[in-house]
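K.L.:
So here's target_2.cif, just mmCIF, C-alpha atoms:
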data_protein
#
loop_
_atom_site.label_atom_id
_atom_site.label_comp_id
_atom_site.auth_asym_id
_atom_site.auth_seq_id
_atom_site.Cartn_x
_atom_site.Cartn_y
_atom_site.Cartn_z
CA MET R 1 -16.77 27.99 -4.16
CA ASN R 2 -17.04 29.23 -0.59
CA GLY R 3 -14.88 31.98 0.83
CA GLN R 4 -12.34 29.58 2.34
CA GLN R 5 -11.82 27.86 -1.02
CA ASP R 6 -11.56 31.21 -2.79
CA SER R 7 -8.90 32.30 -0.31
CA PHE R 8 -6.94 29.07 -0.74
CA PHE R 9 -6.82 29.25 -4.52
CA LYS R 10 -6.05 32.96 -4.47
CA GLN R 11 -3.04 32.15 -2.29
CA VAL R 12 -1.96 29.44 -4.76
CA PHE R 13 -1.88 31.88 -7.66
CA ASP R 14 -0.27 34.58 -5.55
CA ASN R 15 2.46 32.10 -4.63
CA ASN R 16 2.91 31.24 -8.29
CA ARG R 17 3.39 34.88 -9.27
CA LYS R 18 5.94 35.33 -6.49
CA TRP R 19 7.78 32.20 -7.64
CA VAL R 20 7.87 33.45 -11.24
CA ALA R 21 9.12 36.87 -10.15
CA GLY R 22 11.84 35.28 -8.01
CA LYS R 23 13.09 33.10 -10.88
CA LEU R 24 13.10 36.00 -13.33
CA ALA R 25 14.95 38.21 -10.88
CA VAL R 26 17.83 35.74 -10.90
CA ASN R 27 17.65 34.80 -14.59
CA PRO R 28 15.39 36.78 -16.98
CA ALA R 29 15.60 33.93 -19.52
CA TYR R 30 14.75 31.19 -17.00
CA PHE R 31 11.39 30.19 -18.44
CA GLU R 32 12.51 30.53 -22.05
CA GLN R 33 15.28 28.05 -21.26
CA LEU R 34 12.92 25.77 -19.32
CA ALA R 35 10.55 25.60 -22.29
CA GLN R 36 13.27 24.37 -24.63
CA GLY R 37 13.12 20.81 -23.27
CA GLN R 38 14.20 18.56 -20.44
CA ASN R 39 17.32 16.54 -19.79
CA PRO R 40 16.95 15.07 -16.28
CA GLU R 41 19.54 12.66 -14.95
CA ILE R 42 17.22 11.06 -12.40
CA LEU R 43 13.94 9.17 -12.53
CA PHE R 44 12.38 9.45 -9.08
CA VAL R 45 9.66 6.96 -8.14
CA GLY R 46 8.02 8.02 -4.90
CA CYS R 47 4.83 7.80 -2.86
CA SER R 48 1.77 9.98 -3.46
CA ASP R 49 1.71 10.95 0.22
CA SER R 50 1.18 14.72 0.43
CA ARG R 51 4.01 15.05 2.96
CA VAL R 52 6.64 13.58 0.63
CA THR R 53 7.39 16.03 -2.18
CA ALA R 54 10.30 14.80 -4.25
CA GLU R 55 11.72 18.11 -5.44
CA GLU R 56 11.49 19.85 -2.08
CA LEU R 57 13.10 17.12 0.01
CA MET R 58 15.97 16.84 -2.51
CA GLY R 59 16.32 20.54 -3.21
CA ALA R 60 15.84 19.87 -6.94
CA ASN R 61 14.81 22.46 -9.51
CA PRO R 62 12.39 22.05 -12.42
CA GLY R 63 13.97 20.00 -15.18
CA GLU R 64 16.36 18.10 -12.89
CA MET R 65 14.17 15.07 -12.13
CA PHE R 66 11.54 13.03 -13.93
CA VAL R 67 9.01 12.08 -11.25
CA HIS R 68 6.41 9.36 -10.85
CA ARG R 69 4.38 8.99 -7.68
CA ASN R 70 1.75 6.48 -6.62
CA ILE R 71 0.54 4.79 -3.44
CA SER R 72 3.57 3.20 -1.76
CA ASN R 73 5.95 3.82 -4.68
CA ILE R 74 5.07 0.64 -6.56
CA VAL R 75 6.56 -0.36 -9.93
CA GLY R 76 4.00 -3.01 -10.79
CA SER R 77 4.25 -5.39 -13.73
CA ALA R 78 0.66 -4.59 -14.76
CA ASP R 79 0.74 -0.84 -14.06
CA LEU R 80 0.92 0.77 -17.50
CA ASN R 81 1.27 4.21 -15.94
CA ALA R 82 4.42 3.37 -13.96
CA LEU R 83 5.85 1.24 -16.76
CA SER R 84 5.27 4.01 -19.30
CA VAL R 85 7.17 6.43 -17.06
CA VAL R 86 10.06 3.96 -16.72
CA GLU R 87 10.04 3.33 -20.48
CA TYR R 88 10.14 7.03 -21.35
CA ALA R 89 12.64 8.02 -18.67
CA ILE R 90 15.14 5.30 -19.55
CA GLY R 91 14.43 4.80 -23.25
CA THR R 92 13.95 8.39 -24.37
CA LEU R 93 15.32 10.72 -21.71
CA LYS R 94 18.30 8.42 -21.03
CA VAL R 95 18.34 9.04 -17.29
CA LYS R 96 21.51 7.92 -15.54
CA HIS R 97 19.88 7.04 -12.22
CA VAL R 98 16.58 5.54 -11.08
CA VAL R 99 15.67 6.27 -7.46
CA VAL R 100 12.85 4.42 -5.72
CA CYS R 101 12.06 6.36 -2.55
CA GLY R 102 9.66 5.15 0.10
CA HIS R 103 8.95 6.77 3.44
CA TYR R 104 8.49 5.67 7.02
CA GLY R 105 4.90 6.08 8.11
CA CYS R 106 3.57 5.02 4.70
CA GLY R 107 -0.19 4.53 4.88
CA GLY R 108 -0.25 2.03 2.05
CA VAL R 109 2.31 -0.21 3.71
CA LYS R 110 0.47 0.04 7.02
CA ALA R 111 -2.83 -0.89 5.37
CA ALA R 112 -1.19 -3.89 3.71
CA MET R 113 -0.15 -5.16 7.13
CA GLN R 114 -3.74 -5.23 8.37
CA ALA R 115 -6.46 -7.82 7.78
CA GLN R 116 -9.20 -5.71 6.23
CA ASP R 117 -11.15 -5.38 3.01
CA LEU R 118 -10.31 -2.06 1.36
CA GLY R 119 -12.24 -2.57 -1.86
CA LEU R 120 -10.50 -1.16 -4.92
CA LEU R 121 -7.26 -0.85 -2.97
CA ASN R 122 -7.08 -4.62 -2.39
CA PRO R 123 -5.26 -5.59 -5.63
CA TRP R 124 -2.87 -2.64 -5.23
CA LEU R 125 -2.01 -3.47 -1.64
CA ARG R 126 -1.62 -7.13 -2.59
CA GLN R 127 1.66 -6.12 -4.22
CA ILE R 128 2.94 -5.00 -0.81
CA ARG R 129 1.57 -8.13 0.84
CA ASP R 130 3.54 -10.10 -1.73
CA VAL R 131 6.66 -8.34 -0.47
CA TYR R 132 5.73 -9.38 3.06
CA ARG R 133 5.27 -12.98 1.90
CA LEU R 134 8.69 -13.00 0.24
CA HIS R 135 10.33 -11.77 3.45
CA LYS R 136 7.99 -13.38 5.98
CA ALA R 137 10.72 -15.09 7.99
CA GLU R 138 12.66 -11.86 8.54
CA LEU R 139 9.58 -9.77 9.28
CA THR R 140 7.90 -12.17 11.68
CA ALA R 141 11.15 -12.43 13.62
CA ILE R 142 10.89 -8.71 14.43
CA THR R 143 8.87 -8.50 17.65
CA ASP R 144 8.50 -4.72 17.78
CA GLY R 145 5.55 -3.63 15.66
CA GLN R 146 7.04 -0.26 14.64
CA GLU R 147 10.36 -1.81 13.66
CA ARG R 148 8.54 -4.44 11.57
CA TYR R 149 6.52 -1.67 9.88
CA ASP R 150 9.67 0.33 9.11
CA ARG R 151 11.42 -2.77 7.78
CA LEU R 152 8.55 -3.57 5.42
CA VAL R 153 8.80 -0.01 4.07
CA GLU R 154 12.48 -0.67 3.33
CA LEU R 155 11.90 -4.11 1.82
CA ASN R 156 9.15 -2.73 -0.39
CA VAL R 157 11.57 -0.14 -1.76
CA GLU R 158 14.14 -2.83 -2.49
CA GLU R 159 11.57 -5.01 -4.29
CA GLN R 160 10.46 -2.07 -6.44
CA CYS R 161 14.11 -1.46 -7.35
CA ILE R 162 14.22 -5.08 -8.47
CA ASN R 163 11.04 -4.54 -10.49
CA VAL R 164 12.78 -1.74 -12.38
CA ILE R 165 15.66 -4.09 -13.22
CA LYS R 166 13.17 -6.65 -14.55
CA THR R 167 11.92 -4.31 -17.28
CA ALA R 168 13.07 -4.74 -20.88
CA VAL R 169 13.86 -1.06 -21.33
CA PHE R 170 16.23 -1.16 -18.34
CA GLN R 171 17.94 -4.33 -19.52
CA ARG R 172 18.46 -2.97 -23.04
CA ALA R 173 19.87 0.31 -21.75
CA TYR R 174 22.18 -1.33 -19.24
CA LEU R 175 23.57 -3.80 -21.78
CA ARG R 176 24.22 -0.94 -24.18
CA ASP R 177 25.44 1.84 -21.89
CA GLY R 178 26.05 0.41 -18.42
CA LEU R 179 23.35 2.82 -17.22
CA PRO R 180 21.13 3.63 -15.45
CA THR R 181 21.98 2.57 -11.93
CA VAL R 182 19.16 1.91 -9.46
CA HIS R 183 19.03 3.27 -5.91
CA GLY R 184 16.74 2.60 -2.94
CA TRP R 185 16.05 5.37 -0.46
CA VAL R 186 13.63 6.03 2.39
CA PHE R 187 12.49 9.46 3.58
CA ASP R 188 12.21 9.67 7.35
CA MET R 189 9.64 12.39 7.97
CA ARG R 190 10.33 12.10 11.69
CA THR R 191 13.73 13.70 11.10
CA GLY R 192 13.42 15.10 7.56
CA GLU R 193 16.39 13.03 6.44
CA LEU R 194 16.84 10.78 3.42
CA VAL R 195 18.14 7.31 4.26
CA ASP R 196 20.21 5.46 1.66
CA LEU R 197 19.35 1.77 1.90
CA ASN R 198 22.59 0.95 0.06
CA PHE R 199 20.70 -1.22 -2.40
CA ASP R 200 23.27 -3.68 -3.74
CA PHE R 201 22.58 -2.87 -7.38
CA VAL R 202 25.35 -4.97 -8.93
CA ALA R 203 24.48 -8.09 -6.95
CA LYS R 204 20.75 -7.72 -7.51
CA LEU R 205 21.29 -7.10 -11.22
CA GLU R 206 23.12 -10.40 -11.54
CA GLU R 207 20.54 -12.22 -9.44
CA VAL R 208 17.60 -10.80 -11.38
CA ARG R 209 19.06 -11.48 -14.80
CA GLN R 210 19.55 -15.15 -13.92
CA ILE R 211 15.77 -15.48 -13.85
CA TYR R 212 14.29 -12.46 -15.63
CA ASP R 213 16.75 -12.12 -18.50
CA LEU R 214 14.60 -11.09 -21.45
CA GLY R 215 17.25 -11.92 -24.03
CA THR R 216 17.40 -8.29 -25.06
CA SER R 217 19.80 -7.56 -27.90
CA LEU R 218 21.70 -4.41 -28.79
#
In structure tokens, how does this file's structure come out?
P.N.:
Amino acid sequence: MNGQQDSFFKQVFDNNRKWVAGKLAVNPAYFEQLAQGQNPEILFVGCSDSRVTAEELMGANPGEMFVHRNISNIVGSADLNALSVVEYAIGTLKVKHVVVCGHYGCGGVKAAMQAQDLGLLNPWLRQIRDVYRLHKAELTAITDGQERYDRLVELNVEEQCINVIKTAVFQRAYLRDGLPTVHGWVFDMRTGELVDLNFDFVAKLEEVRQIYDLGTSL
């Protein structure tokens, strides 16, 4: 590694030691307790964008959230990674809330709005283009390009919330416990604020189960 890389990684480990020292100063048993297991109440599905760090923007500590991130916060029906996270978080960890959080300025959403061949990304971005197709009338009626872009970010979040509801593990858990609830948020990096999209969970649950009811039994 060159000197710049050496300096970067030295800083990373220096930061880690400072973080450890700070935690121990407050609670000498902090890491012993952390190692005993996890009991998060939230599954957070977010974007891989380096500017959108789930724990930092929510002020969450280790152990408080189970986190999955990918390009444009997709919960795809063929993505075994995302589905395994949902399965474990709901089925084993018994989270009480699932949050799908997109962000304005999402590169994946922007790419999906453009007519270009992006190779391996094509089938991934097709999932966002499918969201555009489902809401074409609303989106094409928006004349301002930035507003249309922002709205597709929001609609993509809402569709991924619906994809969570479609899963068998969610349907089994909700029939049994009335939990988890599903929330749609957007992070506005222009202001640093989280925006609650007020995803109508109850209405969408009823709508989804009319078509995607898997006949799950208790």
K.L.:
Any chance you could tabulate, as a Markdown table, the residues of stretch 34-142 of chain R at most 10 Å from stretch 194-198 of chain R with each one's nearest atom pair and distance in Å to one decimal, using all atoms listed in the file, in chain and rising number order?
P.N.:
| residue | atom | partner | partner_atom | distance |
| --- | --- | --- | --- | --- |
| R:Leu57 | CA | R:Leu194 | CA | 8.1 |
| R:Met58 | CA | R:Leu194 | CA | 8.5 |
| R:Cys101 | CA | R:Leu194 | CA | 8.8 |
| R:Gly102 | CA | R:Val195 | CA | 9.7 |
| R:His103 | CA | R:Leu194 | CA | 8.9 |
K.L.:
Calculate how many Å separate atom CA of R:Lys110 from atom CA of R:Ala82, rounding to one decimal.
P.N.:
21.6 Å
K.L.:
List the residues matched by the PyMOL selection byres ((chain R and resi 138) around 12) in the displayed structure as a short mmCIF file (atom, residue, chain, number, x, y, z; two decimals) with C-alpha atoms, in the coordinates of the input, ordered by chain and then by residue number.
P.N.:
data_model
loop_
_atom_site.label_atom_id
_atom_site.label_comp_id
_atom_site.auth_asym_id
_atom_site.auth_seq_id
_atom_site.Cartn_x
_atom_site.Cartn_y
_atom_site.Cartn_z
CA VAL R 131 6.66 -8.34 -0.47
CA TYR R 132 5.73 -9.38 3.06
CA ARG R 133 5.27 -12.98 1.90
CA LEU R 134 8.69 -13.00 0.24
CA HIS R 135 10.33 -11.77 3.45
CA LYS R 136 7.99 -13.38 5.98
CA ALA R 137 10.72 -15.09 7.99
CA LEU R 139 9.58 -9.77 9.28
CA THR R 140 7.90 -12.17 11.68
CA ALA R 141 11.15 -12.43 13.62
CA ILE R 142 10.89 -8.71 14.43
CA THR R 143 8.87 -8.50 17.65
CA GLU R 147 10.36 -1.81 13.66
CA ARG R 148 8.54 -4.44 11.57
CA TYR R 149 6.52 -1.67 9.88
CA ARG R 151 11.42 -2.77 7.78
CA LEU R 152 8.55 -3.57 5.42
CA LEU R 155 11.90 -4.11 1.82
#
K.L.:
Compute the distance from (13.0, -13.4, -18.4) to each atom, counting all atoms listed in the file, keep the residues with any atom at most 12 Å away, and return them as JSON, numbers by chain; use the coordinates of the file.
P.N.:
{"R": [165, 166, 167, 168, 171, 207, 208, 209, 210, 211, 212, 213, 214, 215, 216]}
K.L.:
Quick one: everything within 10 Å of R:Asn122, counting only C-alpha atoms, minus sequence neighbours fewer than 6 positions away in the same chain. Send it as a list in words.
P.N.:
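Those residues are Ala111, Ala112, Gln116 and Arg129 of chain R.
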K.L.:
Interatomic distance between atom CA of R:Phe170 and atom CA of R:Val86?
P.N.:
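Pair atom CA of R:Phe170 / atom CA of R:Val86 returns 8.2 Å.
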K.L.:
If you count all atoms listed in the file, which residues fall within 8 Å of stretch 67-75 of chain R, apart from same-chain ones fewer than 4 positions away, as an MDAnalysis selection string?
P.N.:
chainID R and resid 43:49 54 79 82:83 85 100:102 106:109 127 157 160 163:164
K.L.:
List as an mmCIF file with C-alpha atoms, in the coordinates of the input the protein and nucleic acid residues near stretch 29-38 of chain R, meaning an atom at most 8 Å away when all atoms listed in the file are counted, but skip any in the same chain fewer than 2 places from it.
P.N.:
data_model
loop_
_atom_site.group_PDB
_atom_site.id
_atom_site.type_symbol
_atom_site.label_atom_id
_atom_site.label_comp_id
_atom_site.auth_asym_id
_atom_site.auth_seq_id
_atom_site.Cartn_x
_atom_site.Cartn_y
_atom_site.Cartn_z
ATOM 1 C CA LYS R 23 13.090 33.100 -10.880
ATOM 2 C CA LEU R 24 13.100 36.000 -13.330
ATOM 3 C CA ASN R 27 17.650 34.800 -14.590
ATOM 4 C CA PRO R 40 16.950 15.070 -16.280
ATOM 5 C CA PRO R 62 12.390 22.050 -12.420
ATOM 6 C CA GLY R 63 13.970 20.000 -15.180
ATOM 7 C CA GLU R 64 16.360 18.100 -12.890
#
K.L.:
Atom CA of R:Ile90 to atom CA of R:Ala173: how many Å, to one decimal?
P.N.:
7.2 Å
K.L.:
Find the residue from R:Tyr174, R:Trp124, R:Tyr104, R:Phe187 that sits nearest to R:Gln146; use only C-alpha atoms when measuring.
P.N.:
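Once distances to R:Gln146 are computed over only C-alpha atoms, the minimum belongs to R:Tyr104.
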K.L.:
Identify which of the residues R:Lys10, R:His183, R:Arg190, R:Arg126 lies closest to R:His97, counting all atoms listed in the file when measuring atom-to-atom distances.
P.N.:
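Comparing R:Lys10, R:His183, R:Arg190, R:Arg126 against R:His97, the winner is R:His183.
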K.L.:
Between R:Glu41, R:Glu159, R:Glu206, R:Asp6, which one has atoms that come closest to R:Gly76, using all atoms listed in the file?
P.N.:
R:Glu159
K.L.:
With 4 Å added on each side, what axis-aligned box encloses every listed atom of stretch 192-204 of chain R? Give the centre and edge lengths in Å to one decimal, as JSON.
P.N.:
{"center_x": 19.4, "center_y": 3.5, "center_z": -0.7, "size_x": 19.9, "size_y": 31.2, "size_z": 24.5}
K.L.:
Could I see stretch 131-164 of chain R restored to N, CA and C atoms, set down as a compact mmCIF listing (two decimals), keeping the file's coordinate frame?
P.N.:
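Everything below was put into selection-v2.txt:
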# COMPACT_ATOMS: atom_id res chain seq x y z
N VAL R 131 5.34 -8.63 -1.02
CA VAL R 131 6.66 -8.34 -0.47
C VAL R 131 6.78 -8.94 0.93
N TYR R 132 5.73 -8.79 1.72
CA TYR R 132 5.73 -9.38 3.06
C TYR R 132 5.90 -10.89 2.97
N ARG R 133 5.17 -11.53 2.04
CA ARG R 133 5.27 -12.98 1.90
C ARG R 133 6.70 -13.41 1.53
N LEU R 134 7.33 -12.67 0.65
CA LEU R 134 8.69 -13.00 0.24
C LEU R 134 9.69 -12.91 1.40
N HIS R 135 9.40 -12.02 2.35
CA HIS R 135 10.33 -11.77 3.45
C HIS R 135 9.69 -12.11 4.80
N LYS R 136 8.77 -13.06 4.78
CA LYS R 136 7.99 -13.38 5.98
C LYS R 136 8.88 -13.78 7.15
N ALA R 137 9.87 -14.61 6.89
CA ALA R 137 10.72 -15.09 7.99
C ALA R 137 11.41 -13.93 8.70
N GLU R 138 11.98 -13.00 7.93
CA GLU R 138 12.66 -11.86 8.54
C GLU R 138 11.69 -10.97 9.29
N LEU R 139 10.53 -10.70 8.69
CA LEU R 139 9.58 -9.77 9.28
C LEU R 139 8.93 -10.33 10.53
N THR R 140 8.55 -11.59 10.50
CA THR R 140 7.90 -12.17 11.68
C THR R 140 8.87 -12.33 12.85
N ALA R 141 10.15 -12.34 12.55
CA ALA R 141 11.15 -12.43 13.62
C ALA R 141 11.32 -11.10 14.36
N ILE R 142 10.80 -10.02 13.79
CA ILE R 142 10.89 -8.71 14.43
C ILE R 142 9.71 -8.55 15.37
N THR R 143 9.96 -8.51 16.66
CA THR R 143 8.87 -8.50 17.65
C THR R 143 8.25 -7.12 17.84
N ASP R 144 9.03 -6.07 17.61
CA ASP R 144 8.50 -4.72 17.78
C ASP R 144 7.69 -4.32 16.55
N GLY R 145 6.44 -3.94 16.76
CA GLY R 145 5.55 -3.63 15.66
C GLY R 145 6.04 -2.48 14.80
N GLN R 146 6.57 -1.41 15.40
CA GLN R 146 7.04 -0.26 14.64
C GLN R 146 8.27 -0.61 13.82
N GLU R 147 9.17 -1.40 14.40
CA GLU R 147 10.36 -1.81 13.66
C GLU R 147 9.98 -2.70 12.47
N ARG R 148 8.99 -3.58 12.67
CA ARG R 148 8.54 -4.44 11.57
C ARG R 148 7.92 -3.60 10.46
N TYR R 149 7.14 -2.61 10.83
CA TYR R 149 6.52 -1.67 9.88
C TYR R 149 7.60 -0.94 9.09
N ASP R 150 8.59 -0.40 9.79
CA ASP R 150 9.67 0.33 9.11
C ASP R 150 10.44 -0.59 8.16
N ARG R 151 10.65 -1.84 8.61
CA ARG R 151 11.42 -2.77 7.78
C ARG R 151 10.65 -3.14 6.52
N LEU R 152 9.33 -3.27 6.62
CA LEU R 152 8.55 -3.57 5.42
C LEU R 152 8.60 -2.40 4.44
N VAL R 153 8.62 -1.18 4.94
CA VAL R 153 8.80 -0.01 4.07
C VAL R 153 10.10 -0.16 3.28
N GLU R 154 11.17 -0.52 3.97
CA GLU R 154 12.48 -0.67 3.33
C GLU R 154 12.48 -1.82 2.31
N LEU R 155 11.92 -2.95 2.71
CA LEU R 155 11.90 -4.11 1.82
C LEU R 155 11.04 -3.85 0.58
N ASN R 156 9.98 -3.08 0.76
CA ASN R 156 9.15 -2.73 -0.39
C ASN R 156 9.93 -1.87 -1.38
N VAL R 157 10.72 -0.94 -0.88
CA VAL R 157 11.57 -0.14 -1.76
C VAL R 157 12.53 -1.03 -2.53
N GLU R 158 13.17 -1.95 -1.83
CA GLU R 158 14.14 -2.83 -2.49
C GLU R 158 13.48 -3.70 -3.56
N GLU R 159 12.27 -4.19 -3.29
CA GLU R 159 11.57 -5.01 -4.29
C GLU R 159 11.15 -4.18 -5.51
N GLN R 160 10.82 -2.92 -5.29
CA GLN R 160 10.46 -2.07 -6.44
C GLN R 160 11.70 -1.73 -7.27
N CYS R 161 12.85 -1.61 -6.60
CA CYS R 161 14.11 -1.46 -7.35
C CYS R 161 14.33 -2.68 -8.25
N ILE R 162 14.08 -3.85 -7.69
CA ILE R 162 14.22 -5.08 -8.47
C ILE R 162 13.24 -5.09 -9.64
N ASN R 163 12.03 -4.60 -9.41
CA ASN R 163 11.04 -4.54 -10.49
C ASN R 163 11.50 -3.64 -11.63
N VAL R 164 12.22 -2.59 -11.32
CA VAL R 164 12.78 -1.74 -12.38
C VAL R 164 13.77 -2.53 -13.20
